[in-house]
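Chemist: Just so it is clear, I am handing over structure.csv, which has CSV, C-alpha atoms and all ligand atoms.
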chain,number,residue,atom,x,y,z
D,72,MET,CA,139.5,76.0,202.7
D,73,THR,CA,138.2,78.5,205.2
D,74,ILE,CA,138.6,82.1,204.8
D,75,GLN,CA,139.9,83.9,207.8
D,76,TRP,CA,138.0,87.2,207.8
D,77,PHE,CA,140.0,90.2,208.8
D,78,PRO,CA,138.8,93.8,208.6
D,79,GLY,CA,140.7,94.2,205.4
D,80,HIS,CA,139.1,91.2,203.8
D,81,MET,CA,135.6,92.4,204.8
D,82,ALA,CA,136.2,95.8,203.3
D,83,LYS,CA,137.5,94.1,200.1
D,84,ALA,CA,134.6,91.7,199.9
D,85,LYS,CA,132.1,94.5,200.3
D,86,ARG,CA,133.8,96.6,197.6
D,87,GLU,CA,133.9,93.6,195.2
D,88,VAL,CA,130.2,92.9,195.7
D,89,GLN,CA,129.3,96.6,195.2
D,90,GLU,CA,131.4,96.7,192.1
D,91,LYS,CA,129.5,93.7,190.7
D,92,LEU,CA,126.2,95.3,191.7
D,93,LYS,CA,126.7,97.9,189.0
D,94,LEU,CA,126.3,95.3,186.4
D,95,ILE,CA,123.2,93.5,187.7
D,96,ASP,CA,119.5,93.9,187.9
D,97,VAL,CA,118.6,91.5,190.7
D,98,VAL,CA,120.5,89.9,193.7
D,99,PHE,CA,119.9,86.4,195.0
D,100,GLU,CA,120.7,86.5,198.7
D,101,LEU,CA,121.5,82.9,199.5
D,102,LEU,CA,120.8,81.8,203.1
D,103,ASP,CA,120.8,78.4,204.9
D,104,ALA,CA,117.2,77.5,205.4
D,105,ARG,CA,118.1,75.8,208.7
D,106,ILE,CA,119.5,79.1,210.1
D,107,PRO,CA,118.2,82.0,208.0
D,108,LEU,CA,119.3,84.7,210.4
D,109,SER,CA,122.6,83.3,211.5
D,110,SER,CA,123.7,82.6,207.9
D,111,ARG,CA,123.1,86.3,206.9
D,112,ASN,CA,125.9,88.7,206.4
D,113,PRO,CA,125.6,91.4,209.1
D,114,MET,CA,125.9,94.3,206.7
D,115,ILE,CA,123.8,92.9,203.9
D,116,ASP,CA,121.2,95.7,203.8
D,117,GLU,CA,123.9,98.3,203.7
D,118,ILE,CA,125.8,96.5,201.0
D,119,LEU,CA,122.8,95.8,198.7
D,120,THR,CA,121.1,99.1,199.5
D,121,ASN,CA,118.3,99.5,196.9
D,122,LYS,CA,119.0,96.6,194.6
D,123,PRO,CA,116.0,94.3,193.9
D,124,ARG,CA,116.7,91.3,196.0
D,125,ILE,CA,115.2,87.8,196.3
D,126,ILE,CA,116.1,85.6,199.3
D,127,LEU,CA,116.8,82.0,198.6
D,128,LEU,CA,116.5,79.6,201.5
D,129,ASN,CA,119.0,77.0,200.3
D,130,LYS,CA,119.4,73.4,201.7
D,131,ALA,CA,115.7,73.5,202.4
D,132,ASP,CA,115.9,69.7,201.9
D,133,MET,CA,117.7,69.6,205.3
D,134,ALA,CA,115.4,72.0,207.1
D,135,ASP,CA,112.1,71.5,208.9
D,136,GLU,CA,109.6,72.3,206.1
D,137,LYS,CA,107.0,73.9,208.5
D,138,VAL,CA,109.6,76.2,209.9
D,139,THR,CA,110.9,77.1,206.4
D,140,ASN,CA,107.3,78.2,205.5
D,141,GLU,CA,107.3,80.3,208.6
D,142,TRP,CA,110.4,82.0,207.5
D,143,ILE,CA,109.0,82.7,204.1
D,144,SER,CA,106.0,84.5,205.7
D,145,PHE,CA,108.4,86.3,208.1
D,146,PHE,CA,110.4,87.7,205.2
D,147,ALA,CA,107.2,88.5,203.2
D,148,GLU,CA,106.1,90.7,206.2
D,149,GLN,CA,109.4,92.6,205.7
D,150,GLY,CA,108.6,93.1,202.0
D,151,LEU,CA,111.2,90.5,200.9
D,152,GLN,CA,110.3,87.5,198.7
D,153,ALA,CA,111.9,84.3,199.9
D,154,ILE,CA,112.0,81.0,198.0
D,155,ALA,CA,112.9,77.6,199.5
D,156,ILE,CA,115.3,75.7,197.3
D,157,ASP,CA,117.6,72.7,197.2
D,158,SER,CA,120.5,73.5,194.9
D,159,GLN,CA,121.9,70.0,195.2
D,160,ALA,CA,118.8,68.3,193.7
D,161,GLY,CA,117.8,71.3,191.7
D,162,THR,CA,114.5,72.0,193.4
D,163,GLY,CA,113.1,75.5,193.0
D,164,MET,CA,115.2,76.6,190.0
D,165,LYS,CA,112.3,77.5,187.8
D,166,GLN,CA,110.8,79.6,190.6
D,167,ILE,CA,114.0,81.5,191.0
D,168,VAL,CA,114.0,82.6,187.3
D,169,ALA,CA,110.3,83.4,187.4
D,170,ALA,CA,110.7,85.5,190.5
D,171,ALA,CA,113.7,87.4,189.1
D,172,LYS,CA,111.7,88.1,185.9
D,173,GLU,CA,108.8,89.4,187.9
D,174,MET,CA,111.0,91.6,190.1
D,175,THR,CA,112.6,93.2,187.1
D,176,LYS,CA,109.5,93.4,184.9
D,177,GLU,CA,109.1,97.2,185.3
D,178,LYS,CA,112.6,98.0,184.5
D,179,PHE,CA,112.4,96.0,181.3
D,180,LEU,CA,109.1,97.5,180.4
D,181,LYS,CA,110.6,100.9,180.7
D,182,MET,CA,113.4,99.9,178.5
D,183,ALA,CA,110.9,98.6,175.9
D,184,ALA,CA,109.0,101.9,176.2
D,185,LYS,CA,112.2,103.7,175.3
D,186,GLY,CA,112.2,101.8,172.1
D,187,ILE,CA,114.8,99.1,172.9
D,188,LYS,CA,113.5,96.3,170.7
D,189,ASN,CA,115.6,93.4,171.8
D,190,PRO,CA,116.2,93.9,175.5
D,191,ARG,CA,119.2,92.1,177.0
D,192,PRO,CA,118.6,89.2,179.4
D,193,LEU,CA,118.1,90.2,183.0
D,194,ARG,CA,121.4,90.0,185.0
D,195,ALA,CA,121.6,88.4,188.4
D,196,LEU,CA,124.3,87.9,191.1
D,197,ILE,CA,124.4,85.3,193.9
D,198,VAL,CA,125.7,86.5,197.2
D,199,GLY,CA,126.2,84.8,200.5
D,200,ILE,CA,128.6,83.6,203.3
D,201,PRO,CA,130.9,80.7,202.6
D,202,ASN,CA,129.4,77.2,202.4
D,203,VAL,CA,125.8,78.3,202.0
D,204,GLY,CA,125.8,76.7,198.5
D,205,LYS,CA,126.7,79.5,196.1
D,206,SER,CA,128.8,77.4,193.8
D,207,THR,CA,126.3,74.5,193.9
D,208,LEU,CA,123.5,76.9,192.9
D,209,ILE,CA,125.6,78.4,190.1
D,210,ASN,CA,126.3,75.0,188.7
D,211,ARG,CA,122.6,74.0,188.9
D,212,LEU,CA,121.4,77.1,187.2
D,213,ALA,CA,124.1,76.8,184.5
D,214,GLY,CA,123.0,73.2,183.9
D,215,LYS,CA,126.6,72.1,183.7
D,216,HIS,CA,129.6,72.1,186.0
D,217,ILE,CA,131.4,75.3,185.5
D,218,ALA,CA,131.9,76.9,188.9
D,219,LYS,CA,134.3,75.2,191.3
D,220,THR,CA,132.8,74.3,194.7
D,221,GLY,CA,134.7,75.7,197.6
D,222,ASP,CA,136.2,79.1,198.0
D,223,LYS,CA,139.6,80.0,196.6
D,224,PRO,CA,140.6,83.3,197.9
D,225,GLY,CA,143.2,85.0,195.8
D,226,VAL,CA,142.2,83.3,192.6
D,227,THR,CA,140.8,85.9,190.3
D,228,LYS,CA,139.7,85.5,186.7
D,229,ALA,CA,137.7,87.5,184.3
D,230,GLN,CA,134.0,87.6,185.1
D,231,GLN,CA,131.7,85.8,182.8
D,232,TRP,CA,128.0,85.6,182.3
D,233,ILE,CA,126.3,82.2,182.4
D,234,LYS,CA,123.2,81.9,180.4
D,235,VAL,CA,120.2,80.6,182.4
D,236,GLY,CA,117.6,80.0,179.7
D,237,LYS,CA,117.0,82.8,177.3
D,238,GLU,CA,116.0,85.5,179.7
D,239,MET,CA,118.5,85.5,182.5
D,240,GLU,CA,122.2,85.7,182.9
D,241,LEU,CA,124.1,85.0,186.0
D,242,LEU,CA,127.6,86.3,187.0
D,243,ASP,CA,129.8,83.2,187.2
D,244,THR,CA,131.5,84.3,190.4
D,245,PRO,CA,129.3,84.8,193.5
D,246,GLY,CA,129.7,87.6,196.0
D,247,ILE,CA,131.3,86.0,199.0
D,248,LEU,CA,130.5,87.8,202.2
D,249,TRP,CA,131.6,87.3,205.8
D,250,PRO,CA,129.4,85.7,208.5
D,251,LYS,CA,128.4,87.2,211.8
D,252,PHE,CA,131.1,86.8,214.5
D,253,GLU,CA,130.0,88.7,217.5
D,254,ASP,CA,127.2,86.5,218.8
D,255,GLU,CA,128.4,83.2,220.3
D,256,GLU,CA,125.2,81.5,219.5
D,257,VAL,CA,125.4,82.4,215.9
D,258,GLY,CA,128.9,80.8,215.8
D,259,LEU,CA,127.5,77.6,217.4
D,260,LYS,CA,124.7,77.4,214.9
D,261,LEU,CA,127.1,78.0,211.9
D,262,ALA,CA,129.3,75.2,213.3
D,263,THR,CA,126.5,72.8,214.0
D,264,THR,CA,125.2,73.1,210.4
D,265,GLY,CA,128.8,72.8,209.1
D,266,ALA,CA,129.0,76.3,207.7
D,267,ILE,CA,132.2,76.9,209.7
D,268,LYS,CA,134.9,74.4,210.2
D,269,ASP,CA,135.1,72.3,213.3
D,270,THR,CA,138.6,73.6,214.0
D,271,ILE,CA,137.4,77.1,214.6
D,272,LEU,CA,135.2,76.3,217.6
D,273,ASN,CA,135.7,73.6,220.2
D,274,LEU,CA,134.0,70.4,219.0
D,275,GLN,CA,132.5,69.5,222.4
D,276,ASP,CA,131.1,73.1,222.8
D,277,VAL,CA,129.4,72.8,219.5
D,278,ALA,CA,128.0,69.4,220.4
D,279,VAL,CA,126.8,70.6,223.8
D,280,TYR,CA,124.9,73.4,222.0
D,281,ALA,CA,123.5,71.0,219.4
D,282,LEU,CA,122.4,68.4,222.0
D,283,ARG,CA,120.8,71.0,224.3
D,284,PHE,CA,118.9,72.3,221.2
D,285,LEU,CA,117.7,68.9,220.2
D,286,SER,CA,116.7,68.0,223.8
D,287,GLU,CA,114.5,71.0,223.8
D,288,HIS,CA,113.1,71.1,220.3
D,289,TYR,CA,113.4,67.6,218.9
D,290,PRO,CA,113.4,65.3,221.9
D,291,ALA,CA,111.6,62.4,220.2
D,292,ARG,CA,114.2,62.3,217.4
D,293,LEU,CA,117.0,62.4,219.9
D,294,LYS,CA,115.6,59.5,221.9
D,295,GLU,CA,114.9,57.5,218.8
D,296,ARG,CA,118.3,58.0,217.2
D,297,TYR,CA,120.3,57.0,220.3
D,298,SER,CA,117.8,54.5,221.8
D,299,LEU,CA,117.3,56.6,224.9
D,300,THR,CA,114.3,56.0,227.2
D,301,ASP,CA,114.6,59.5,228.5
D,302,ILE,CA,116.9,62.5,228.0
D,303,PRO,CA,119.0,63.3,231.0
D,304,ASP,CA,118.9,67.0,232.1
D,305,ASP,CA,122.6,66.9,232.8
D,306,ILE,CA,124.6,67.3,229.6
D,307,VAL,CA,127.5,65.1,230.8
D,308,GLU,CA,124.9,62.3,231.5
D,309,LEU,CA,123.5,62.8,228.0
D,310,PHE,CA,127.0,62.5,226.5
D,311,ASP,CA,127.6,59.4,228.6
D,312,ALA,CA,124.3,57.8,227.6
D,313,ILE,CA,125.0,58.4,223.9
D,314,GLY,CA,128.6,57.3,224.2
D,315,LYS,CA,127.7,54.0,225.8
D,316,ARG,CA,125.0,53.3,223.3
D,317,ARG,CA,127.2,54.0,220.4
D,318,GLY,CA,130.5,52.7,221.7
D,319,CYS,CA,132.3,56.0,221.7
D,320,LEU,CA,134.8,54.8,224.3
D,321,THR,CA,138.5,55.3,225.1
D,322,SER,CA,140.8,52.3,225.1
D,323,GLY,CA,140.3,52.2,228.9
D,324,GLY,CA,136.5,51.9,228.4
D,325,ALA,CA,135.5,55.4,229.5
D,326,VAL,CA,133.2,57.5,227.3
D,327,ASP,CA,135.3,59.5,224.8
D,328,TYR,CA,133.5,62.9,224.7
D,329,ASP,CA,135.3,64.0,221.5
D,330,LYS,CA,134.0,60.9,219.8
D,331,VAL,CA,130.5,61.5,221.0
D,332,ALA,CA,130.7,65.2,219.8
D,333,GLU,CA,131.9,64.1,216.4
D,334,LEU,CA,129.2,61.4,216.1
D,335,VAL,CA,126.4,63.7,217.0
D,336,LEU,CA,127.5,66.5,214.7
D,337,ARG,CA,128.0,64.1,211.8
D,338,ASP,CA,124.6,62.6,212.4
D,339,ILE,CA,123.0,66.1,212.3
D,340,ARG,CA,124.9,67.1,209.2
D,341,THR,CA,124.0,63.9,207.4
D,342,GLU,CA,120.3,64.1,208.4
D,343,LYS,CA,120.4,61.0,210.6
D,344,LEU,CA,118.2,63.0,212.9
D,345,GLY,CA,115.9,64.1,210.1
D,346,ARG,CA,115.3,67.6,208.8
D,347,LEU,CA,116.2,70.1,211.4
D,348,SER,CA,115.7,73.9,211.7
D,349,PHE,CA,117.9,75.6,214.3
D,350,GLU,CA,116.1,79.0,214.1
D,351,LYS,CA,112.5,80.0,214.1
D,352,PRO,CA,111.2,83.5,213.2
D,401,LIG,P1,129.7,78.0,198.7
D,401,LIG,O1,130.9,78.1,199.5
D,401,LIG,O2,128.6,79.0,199.1
D,401,LIG,O3,130.0,78.1,197.2
D,401,LIG,O4,129.0,76.5,199.0
D,401,LIG,P2,129.1,75.2,198.1
D,401,LIG,O5,128.4,75.3,196.8
D,401,LIG,O6,130.6,74.8,198.0
D,401,LIG,O7,128.3,74.2,199.1
D,401,LIG,C1,128.8,73.8,200.4
D,401,LIG,C2,128.3,72.5,200.7
D,401,LIG,O8,126.8,72.5,200.8
D,401,LIG,C3,128.6,71.4,199.6
D,401,LIG,O9,128.9,70.2,200.3
D,401,LIG,C4,127.3,71.2,198.9
D,401,LIG,O10,127.2,70.0,198.3
D,401,LIG,C5,126.3,71.5,199.9
D,401,LIG,N1,125.0,72.0,199.4
D,401,LIG,C6,124.8,73.1,198.6
D,401,LIG,N2,123.5,73.3,198.4
D,401,LIG,C7,122.8,72.3,199.0
D,401,LIG,C8,121.4,72.0,199.1
D,401,LIG,O11,120.5,72.7,198.6
D,401,LIG,N3,121.1,70.9,199.8
D,401,LIG,C9,122.1,70.1,200.4
D,401,LIG,N4,121.7,69.1,201.2
D,401,LIG,N5,123.4,70.4,200.4
D,401,LIG,C10,123.8,71.5,199.6
Translate this file's structure into structure tokens.
Ligand code: GDP
Modeler:
Amino acid sequence: MTIQWFPGHMAKAKREVQEKLKLIDVVFELLDARIPLSSRNPMIDEILTNKPRIILLNKADMADEKVTNEWISFFAEQGLQAIAIDSQAGTGMKQIVAAAKEMTKEKFLKMAAKGIKNPRPLRALIVGIPNVGKSTLINRLAGKHIAKTGDKPGVTKAQQWIKVGKEMELLDTPGILWPKFEDEEVGLKLATTGAIKDTILNLQDVAVYALRFLSEHYPARLKERYSLTDIPDDIVELFDAIGKRRGCLTSGGAVDYDKVAELVLRDIRTEKLGRLSFEKP
């Protein structure tokens, strides 16, 4: 289910996250490692203000490792710690807890100095746009399947803390924030990676964007996947070449551009073209 974001929803989402922030020590800002900027909520700095924050570059298993490392350096230059993770496989989970402990160390030392003998576990919240992997990460950290994947607007329940080892607790409902809308390229990147549903943007537009991007940045992979000797500059010719190779044809034998678009996007999202990053710092 896709949330339609209207101004009222955004205001409510912001309010809900800020309400949750009162309870927590550290925020995990979940981003898609393939598109760290495009998968960011546009008001995130304003919403989180001065809360300690750790950036988690999720789906790092699908992203270009070299580029992900560049992103980690990029965020470090801005004073933000970023960690590459794969919530599906559970890679990076220990690092997350260690980083959260480190980030809240002083706060807990101060509590200890005030004479609090058995300090409570540190409390964390996951925030991010839809489909970035929040529920998957919560399930991973919880070690069992408690959070439902997928967003269910309108379904509210009492908030609960999930124990993550002895020293951390995680709020069982993530903060769901809206994606950027204004920039067309952001939308195309979100659609290419599957963060927004195919029905929102025109499928062929998204595939045109993706194929142009691959032609420029990953030409060898494109050639290999679709057995092309060279990549035509003309996008229609490229669609034709892929369509003919892959038999994406209408009953009359012409190339079916929708089928080509579907095929290419499916291939990208299922890693048939390898690990891809659509944004560089
Ligand atoms: P949410 O809307 O932010 O809660 O996102 P979900 O947890 O429902 O995840 C959206 C999709 O991304 C699901 O199909 C997950 O299986 C997939 N996913 C989540 N994390 C990862 C990851 O680290 N790697 C990969 N390959 N897929 C992931």
Chemist: Write out as a PyMOL selection string each polymer residue whose atoms come within 9 Å of Arg283 in chain D, counting only C-alpha atoms; drop sequence neighbours fewer than 5 positions from it.
Modeler: chain D and resi 278+288+304+306
Chemist: Counting all atoms listed in the file, figure out which residue out of D:Gln275, D:Ser348, D:Thr264, D:Gln75 gets nearest to ligand LIG 401 (chain D).
Modeler: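 Between D:Gln275, D:Ser348, D:Thr264, D:Gln75, the residue approaching ligand LIG 401 (chain D) most closely is D:Thr264.
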Chemist: Give the answer as one residue: which of D:Arg340, D:Arg124, D:Lys294, D:Lys130 has the shortest atom-to-atom distance to ligand LIG 401 (chain D), using all atoms listed in the file?
Modeler: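 Closest candidate: D:Lys130.
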Chemist: Grab the CA of Asn121 in chain D to CA of Lys176 in chain D distance for me, in Å with one decimal place.
Modeler: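 Between CA of Asn121 in chain D and CA of Lys176 in chain D the gap works out to 16.1 Å.
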Chemist: I'd like the contact shell of Lys330 in chain D - 6 Å cut-off, all atoms listed in the file, skipping same-chain residues fewer than 3 positions apart - returned as a ChimeraX atom specification.
Modeler: /D:319,327,333
Chemist: Between atom O9 of ligand LIG 401 (chain D) and CA of Arg296 in chain D, what is the distance in Å, rounded to a tenth?
Modeler: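 The value is 23.4 Å.
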Chemist: Nearest to ligand LIG 401 (chain D) among D:Ser158, D:Asn189, D:Ser110, D:Thr175, with distances taken over all atoms listed in the file: which residue is it?
Modeler: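 Under the stated criterion, the closest residue is D:Ser158.
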Chemist: Given all atoms listed in the file as the basis, pick out the residue of D:Leu320, D:Leu127, D:Ile200, D:Val235 nearest to ligand LIG 401 (chain D).
Modeler: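 Looking only at the distances to ligand LIG 401 (chain D), the closest residue turns out to be D:Ile200.
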Chemist: Determine, using all atoms listed in the file, which residues of chain D have any atom at most 9 Å from an atom of ligand LIG 401 (chain D), and tabulate each with its shortest atom pair and distance in Å to one decimal place, rows ordered by chain and then rising number, as JSON lines.
Modeler:
{"residue": "D:Leu101", "atom": "CA", "partner": "D:LIG401", "partner_atom": "O2", "distance": 8.1}
{"residue": "D:Asp103", "atom": "CA", "partner": "D:LIG401", "partner_atom": "O11", "distance": 8.5}
{"residue": "D:Ala104", "atom": "CA", "partner": "D:LIG401", "partner_atom": "O11", "distance": 9.0}
{"residue": "D:Leu128", "atom": "CA", "partner": "D:LIG401", "partner_atom": "O11", "distance": 8.5}
{"residue": "D:Asn129", "atom": "CA", "partner": "D:LIG401", "partner_atom": "O11", "distance": 4.9}
{"residue": "D:Lys130", "atom": "CA", "partner": "D:LIG401", "partner_atom": "O11", "distance": 3.4}
{"residue": "D:Ala131", "atom": "CA", "partner": "D:LIG401", "partner_atom": "O11", "distance": 6.2}
{"residue": "D:Asp132", "atom": "CA", "partner": "D:LIG401", "partner_atom": "N3", "distance": 5.7}
{"residue": "D:Met133", "atom": "CA", "partner": "D:LIG401", "partner_atom": "N4", "distance": 5.7}
{"residue": "D:Ile156", "atom": "CA", "partner": "D:LIG401", "partner_atom": "O11", "distance": 6.1}
{"residue": "D:Asp157", "atom": "CA", "partner": "D:LIG401", "partner_atom": "O11", "distance": 3.2}
{"residue": "D:Ser158", "atom": "CA", "partner": "D:LIG401", "partner_atom": "O11", "distance": 3.8}
{"residue": "D:Gln159", "atom": "CA", "partner": "D:LIG401", "partner_atom": "C8", "distance": 4.4}
{"residue": "D:Ala160", "atom": "CA", "partner": "D:LIG401", "partner_atom": "O11", "distance": 6.8}
{"residue": "D:Gly161", "atom": "CA", "partner": "D:LIG401", "partner_atom": "O11", "distance": 7.5}
{"residue": "D:Thr162", "atom": "CA", "partner": "D:LIG401", "partner_atom": "O11", "distance": 8.0}
{"residue": "D:Val198", "atom": "CA", "partner": "D:LIG401", "partner_atom": "O2", "distance": 8.3}
{"residue": "D:Gly199", "atom": "CA", "partner": "D:LIG401", "partner_atom": "O2", "distance": 6.4}
{"residue": "D:Ile200", "atom": "CA", "partner": "D:LIG401", "partner_atom": "O2", "distance": 6.2}
{"residue": "D:Pro201", "atom": "CA", "partner": "D:LIG401", "partner_atom": "O1", "distance": 4.0}
{"residue": "D:Asn202", "atom": "CA", "partner": "D:LIG401", "partner_atom": "O1", "distance": 3.4}
{"residue": "D:Val203", "atom": "CA", "partner": "D:LIG401", "partner_atom": "O2", "distance": 4.1}
{"residue": "D:Gly204", "atom": "CA", "partner": "D:LIG401", "partner_atom": "O4", "distance": 3.2}
{"residue": "D:Lys205", "atom": "CA", "partner": "D:LIG401", "partner_atom": "O2", "distance": 3.6}
{"residue": "D:Ser206", "atom": "CA", "partner": "D:LIG401", "partner_atom": "O3", "distance": 3.7}
{"residue": "D:Thr207", "atom": "CA", "partner": "D:LIG401", "partner_atom": "O5", "distance": 3.7}
{"residue": "D:Leu208", "atom": "CA", "partner": "D:LIG401", "partner_atom": "O5", "distance": 6.5}
{"residue": "D:Ile209", "atom": "CA", "partner": "D:LIG401", "partner_atom": "O5", "distance": 7.9}
{"residue": "D:Asn210", "atom": "CA", "partner": "D:LIG401", "partner_atom": "O5", "distance": 8.4}
{"residue": "D:Ala218", "atom": "CA", "partner": "D:LIG401", "partner_atom": "O3", "distance": 8.6}
{"residue": "D:Lys219", "atom": "CA", "partner": "D:LIG401", "partner_atom": "O6", "distance": 7.7}
{"residue": "D:Thr220", "atom": "CA", "partner": "D:LIG401", "partner_atom": "O6", "distance": 4.0}
{"residue": "D:Gly221", "atom": "CA", "partner": "D:LIG401", "partner_atom": "O6", "distance": 4.2}
{"residue": "D:Asp222", "atom": "CA", "partner": "D:LIG401", "partner_atom": "O1", "distance": 5.6}
{"residue": "D:Pro245", "atom": "CA", "partner": "D:LIG401", "partner_atom": "O3", "distance": 7.7}
{"residue": "D:Ile247", "atom": "CA", "partner": "D:LIG401", "partner_atom": "O2", "distance": 7.5}
{"residue": "D:Gly265", "atom": "CA", "partner": "D:LIG401", "partner_atom": "C2", "distance": 8.4}
{"residue": "D:Ala266", "atom": "CA", "partner": "D:LIG401", "partner_atom": "C1", "distance": 7.7}
{"residue": "D:Arg340", "atom": "CA", "partner": "D:LIG401", "partner_atom": "N4", "distance": 8.8}
{"residue": "D:Thr341", "atom": "CA", "partner": "D:LIG401", "partner_atom": "N4", "distance": 8.4}
{"residue": "D:Glu342", "atom": "CA", "partner": "D:LIG401", "partner_atom": "N4", "distance": 8.9}
Chemist: At a cut-off of 12 Å, using all atoms listed in the file, what residues contact Lys343 in chain D? Leave out same-chain residues fewer than 4 positions from it and give the result as number ranges by chain.
Modeler: D: 133, 292-293, 295-297, 334-339, 347
Chemist: Compare D:Gly214, D:Ile313, D:Glu287, D:Ile115 by their minimum atom-to-atom distance to Leu299 in chain D, counting only C-alpha atoms, and give me the closest one.
Modeler: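 Closest candidate: D:Ile313.
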Chemist: Kindly indicate which residue among D:Lys188, D:Arg105, D:Glu173, D:Asp305 lies nearest to Ala155 in chain D, using only C-alpha atoms for the distances.
Modeler: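 So, comparing all the options, the nearest one is D:Arg105.
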Chemist: Could you give me, as a compact mmCIF listing (two decimals) with C-alpha atoms, in the frame of the given file, the residues within 9 Å of Ile167 in chain D, counting all atoms listed in the file and dropping anything in the same chain fewer than 3 positions from it?
Modeler:
# COMPACT_ATOMS: atom_id res chain seq x y z
CA PHE D 99 119.90 86.40 195.00
CA ILE D 125 115.20 87.80 196.30
CA LEU D 127 116.80 82.00 198.60
CA ILE D 154 112.00 81.00 198.00
CA ILE D 156 115.30 75.70 197.30
CA GLY D 163 113.10 75.50 193.00
CA MET D 164 115.20 76.60 190.00
CA ALA D 170 110.70 85.50 190.50
CA ALA D 171 113.70 87.40 189.10
CA LYS D 172 111.70 88.10 185.90
Chemist: Considering only C-alpha atoms, give me a table of residues in range 133-198 of chain D that are at most 6 Å from range 90-98 of chain D, with the closest atom pair and distance in Å for each, as JSON lines.
Modeler:
{"residue": "D:Arg194", "atom": "CA", "partner": "D:Ile95", "partner_atom": "CA", "distance": 4.8}
{"residue": "D:Ala195", "atom": "CA", "partner": "D:Val97", "partner_atom": "CA", "distance": 4.9}
{"residue": "D:Leu196", "atom": "CA", "partner": "D:Val98", "partner_atom": "CA", "distance": 5.0}
Chemist: How many Å separate CA of Glu240 in chain D from CA of Ile197 in chain D?
Modeler: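 Interatomic distance here is 11.2 Å.
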Chemist: Show which residues sit within 9 Å of Ile118 in chain D, as a PyMOL selection string. Count only C-alpha atoms, and ignore same-chain residues fewer than 4 positions away.
Modeler: chain D and resi 85-86+88-89+114
